[in-house]
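Right, one structure below, let's go through it.
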Amino acid sequence: MKLLTYINTIIKLEPNTISNNAKLVLIYMISNCDEAGIWKVDKEAYYQSFGMKYSKEWILLGLGFWLKYLDEDRIIIPEFLQHRYAGQLKNINNTKYNPLNKLRACIDSHSLKFDAEKMQLIPRSTVESTVELATIAEKMTIDATQSKKVA
């Protein structure tokens, strides 16, 4: 039901904000994306649905503020998760919470991770923990002048 409210919000946007054609394309993407809100670019299906060739430039111009390209073949709809899953996202890391199992599997298949603080999907590589050498040096005090006595 929340997803229908989301689509209704898109429909009600003023034409000077987003063109009617762009609204239709966005609703099409929402209707055909996977559980994580990622639409795999299907140029043939796009052409059959709209009677015009898929154009990344047109998508960026008309919907660039609404979508993000993960790569040339995948587009993410950032607000999709919040509208589709609403309050359930707080349980995303609970593997025993069954309603989100498909979502977790889908996120993993795209090499993404859900950032609960920002409430959005991010590339897994940006989540990996990194330790800077300066941080380690502060915690370890090494006196090079001391020598170890061997008994």
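Please note that chains go A, B, ... in the order of the structure tokens, that every chain numbers its residues from 1, and that ligands are numbered from 1 in the order shown.
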Report as JSON lines the residues of range 1-21 of chain A within 10 Å of range 30-47 of chain A, each with its shortest atom pair and distance in Å (one decimal), using only C-alpha atoms, ordered by chain and increasing residue number.
```
{"residue": "A:Leu3", "atom": "CA", "partner": "A:Ile30", "partner_atom": "CA", "distance": 8.9}
{"residue": "A:Tyr6", "atom": "CA", "partner": "A:Ile30", "partner_atom": "CA", "distance": 9.7}
{"residue": "A:Ile7", "atom": "CA", "partner": "A:Ile30", "partner_atom": "CA", "distance": 8.2}
```
Looking only at alpha helix (DSSP H) from DSSP on the backbone, list the matching residues of chain A as a ChimeraX atom specification. /A:2-11,20-32,43-50,56-63,80-85,101-109,133-139
Take the residues that were just selected and, keeping C-alpha atoms, output them as a PDB file, in the first residue's frame.
```
ATOM      1  CA  LYS A   2       2.877   2.362   0.770  1.00  0.00           C
ATOM      2  CA  LEU A   3       4.210   1.804  -2.751  1.00  0.00           C
ATOM      3  CA  LEU A   4       0.908   2.943  -4.252  1.00  0.00           C
ATOM      4  CA  THR A   5       1.096   6.090  -2.142  1.00  0.00           C
ATOM      5  CA  TYR A   6       4.616   6.634  -3.504  1.00  0.00           C
ATOM      6  CA  ILE A   7       3.384   6.262  -7.097  1.00  0.00           C
ATOM      7  CA  ASN A   8       0.461   8.576  -6.362  1.00  0.00           C
ATOM      8  CA  THR A   9       2.952  11.172  -5.093  1.00  0.00           C
ATOM      9  CA  ILE A  10       4.823  10.932  -8.392  1.00  0.00           C
ATOM     10  CA  ILE A  11       1.610  11.337 -10.397  1.00  0.00           C
ATOM     11  CA  ASN A  20       4.472  13.557 -17.794  1.00  0.00           C
ATOM     12  CA  ASN A  21       6.667  11.322 -19.968  1.00  0.00           C
ATOM     13  CA  ALA A  22       9.272  11.160 -17.207  1.00  0.00           C
ATOM     14  CA  LYS A  23       6.545  10.315 -14.670  1.00  0.00           C
ATOM     15  CA  LEU A  24       5.437   7.384 -16.824  1.00  0.00           C
ATOM     16  CA  VAL A  25       8.995   6.141 -17.208  1.00  0.00           C
ATOM     17  CA  LEU A  26       9.599   6.401 -13.463  1.00  0.00           C
ATOM     18  CA  ILE A  27       6.391   4.523 -12.658  1.00  0.00           C
ATOM     19  CA  TYR A  28       7.390   1.893 -15.247  1.00  0.00           C
ATOM     20  CA  MET A  29      10.793   1.501 -13.541  1.00  0.00           C
ATOM     21  CA  ILE A  30       9.188   1.240 -10.104  1.00  0.00           C
ATOM     22  CA  SER A  31       6.774  -1.395 -11.408  1.00  0.00           C
ATOM     23  CA  ASN A  32       9.580  -3.413 -13.009  1.00  0.00           C
ATOM     24  CA  LYS A  43      16.214  -1.486 -23.920  1.00  0.00           C
ATOM     25  CA  GLU A  44      13.908  -3.782 -25.866  1.00  0.00           C
ATOM     26  CA  ALA A  45      11.151  -3.794 -23.226  1.00  0.00           C
ATOM     27  CA  TYR A  46      11.572  -0.041 -22.837  1.00  0.00           C
ATOM     28  CA  TYR A  47      11.077   0.447 -26.576  1.00  0.00           C
ATOM     29  CA  GLN A  48       8.024  -1.844 -26.610  1.00  0.00           C
ATOM     30  CA  SER A  49       6.490   0.041 -23.688  1.00  0.00           C
ATOM     31  CA  PHE A  50       7.141   3.605 -24.836  1.00  0.00           C
ATOM     32  CA  LYS A  56      20.626   7.413 -20.779  1.00  0.00           C
ATOM     33  CA  GLU A  57      20.930  11.121 -21.527  1.00  0.00           C
ATOM     34  CA  TRP A  58      17.138  11.536 -21.555  1.00  0.00           C
ATOM     35  CA  ILE A  59      16.814   9.566 -18.310  1.00  0.00           C
ATOM     36  CA  LEU A  60      19.449  11.726 -16.613  1.00  0.00           C
ATOM     37  CA  LEU A  61      17.874  14.914 -17.918  1.00  0.00           C
ATOM     38  CA  GLY A  62      14.304  13.999 -16.951  1.00  0.00           C
ATOM     39  CA  LEU A  63      14.901  11.847 -13.875  1.00  0.00           C
ATOM     40  CA  PHE A  80      11.940   2.892  -3.262  1.00  0.00           C
ATOM     41  CA  LEU A  81      13.045   0.978  -0.140  1.00  0.00           C
ATOM     42  CA  GLN A  82      11.549   3.470   2.285  1.00  0.00           C
ATOM     43  CA  HIS A  83       8.207   3.382   0.512  1.00  0.00           C
ATOM     44  CA  ARG A  84       8.135  -0.345  -0.212  1.00  0.00           C
ATOM     45  CA  TYR A  85       9.273  -1.614   3.174  1.00  0.00           C
ATOM     46  CA  ASN A 101      14.983 -12.363   3.185  1.00  0.00           C
ATOM     47  CA  LYS A 102      14.344 -11.688  -0.517  1.00  0.00           C
ATOM     48  CA  LEU A 103      15.432  -8.092  -0.091  1.00  0.00           C
ATOM     49  CA  ARG A 104      18.670  -9.114   1.659  1.00  0.00           C
ATOM     50  CA  ALA A 105      19.443 -11.661  -1.075  1.00  0.00           C
ATOM     51  CA  CYS A 106      18.726  -9.087  -3.758  1.00  0.00           C
ATOM     52  CA  ILE A 107      20.959  -6.480  -2.122  1.00  0.00           C
ATOM     53  CA  ASP A 108      23.775  -9.024  -1.855  1.00  0.00           C
ATOM     54  CA  SER A 109      23.402 -10.017  -5.510  1.00  0.00           C
ATOM     55  CA  LEU A 133      48.388   3.915   9.985  1.00  0.00           C
ATOM     56  CA  ALA A 134      48.290   7.087  12.082  1.00  0.00           C
ATOM     57  CA  THR A 135      45.527   5.580  14.227  1.00  0.00           C
ATOM     58  CA  ILE A 136      47.597   2.489  14.925  1.00  0.00           C
ATOM     59  CA  ALA A 137      50.731   4.511  15.658  1.00  0.00           C
ATOM     60  CA  GLU A 138      48.923   6.479  18.362  1.00  0.00           C
ATOM     61  CA  LYS A 139      47.828   3.315  20.119  1.00  0.00           C
TER      62      LYS A 139
END
```
Excluding Asn93 in chain A and residues on its chain fewer than 2 positions from it, collect all residues at most 12 Å away from it, counting only C-alpha atoms, and give them as a PyMOL selection string. chain A and resi 88-91+95-101+103-105+107+113-116
Output for the residues just chosen: N, CA and C atoms as a short mmCIF file (atom, residue, chain, number, x, y, z; two decimals), in the first residue's frame:
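Output (selection-v5.cif):
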```
data_model
loop_
_atom_site.label_atom_id
_atom_site.label_comp_id
_atom_site.auth_asym_id
_atom_site.auth_seq_id
_atom_site.Cartn_x
_atom_site.Cartn_y
_atom_site.Cartn_z
N GLN A 88 9.83 -1.66 8.23
CA GLN A 88 10.49 -2.97 8.32
C GLN A 88 12.01 -2.88 8.19
N LEU A 89 12.53 -1.80 7.64
CA LEU A 89 13.96 -1.71 7.37
C LEU A 89 14.82 -1.74 8.62
N LYS A 90 14.26 -1.43 9.76
CA LYS A 90 15.03 -1.51 11.00
C LYS A 90 15.43 -2.95 11.31
N ASN A 91 14.75 -3.91 10.68
CA ASN A 91 15.05 -5.32 10.88
C ASN A 91 15.90 -5.92 9.76
N THR A 95 18.48 -11.70 10.36
CA THR A 95 18.29 -12.76 9.36
C THR A 95 17.09 -13.64 9.65
N LYS A 96 16.55 -13.58 10.86
CA LYS A 96 15.37 -14.38 11.19
C LYS A 96 14.07 -13.67 10.82
N TYR A 97 14.17 -12.42 10.39
CA TYR A 97 12.98 -11.66 9.99
C TYR A 97 12.67 -11.99 8.53
N ASN A 98 11.80 -12.98 8.32
CA ASN A 98 11.54 -13.55 7.00
C ASN A 98 11.07 -12.59 5.91
N PRO A 99 10.24 -11.60 6.19
CA PRO A 99 9.77 -10.74 5.11
C PRO A 99 10.89 -10.03 4.34
N LEU A 100 12.07 -9.90 4.95
CA LEU A 100 13.16 -9.19 4.29
C LEU A 100 14.22 -10.12 3.69
N ASN A 101 13.99 -11.43 3.73
CA ASN A 101 14.98 -12.36 3.18
C ASN A 101 15.23 -12.14 1.70
N LEU A 103 14.76 -9.38 0.04
CA LEU A 103 15.43 -8.09 -0.09
C LEU A 103 16.92 -8.23 0.22
N ARG A 104 17.26 -8.92 1.30
CA ARG A 104 18.67 -9.11 1.66
C ARG A 104 19.41 -9.85 0.55
N ALA A 105 18.81 -10.90 0.01
CA ALA A 105 19.44 -11.66 -1.07
C ALA A 105 19.64 -10.79 -2.31
N ILE A 107 19.92 -7.47 -2.41
CA ILE A 107 20.96 -6.48 -2.12
C ILE A 107 22.33 -7.11 -2.27
N LYS A 113 25.13 -2.81 0.12
CA LYS A 113 24.83 -2.97 1.53
C LYS A 113 23.87 -1.86 1.92
N PHE A 114 22.96 -2.17 2.82
CA PHE A 114 22.00 -1.16 3.30
C PHE A 114 22.61 -0.40 4.46
N ASP A 115 22.70 0.90 4.31
CA ASP A 115 23.18 1.77 5.38
C ASP A 115 21.97 2.23 6.17
N ALA A 116 21.79 1.66 7.35
CA ALA A 116 20.60 1.94 8.16
C ALA A 116 20.58 3.39 8.65
#
```
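A straight line drawn from CA of Ser55 in chain A to CA of Lys118 in chain A is 29.9 Å long.
Checking A:Asn94, A:Ala86, A:Ile122, A:Ile18 one by one against Tyr69 in chain A, counting only C-alpha atoms, you find the shortest gap at A:Ile122.
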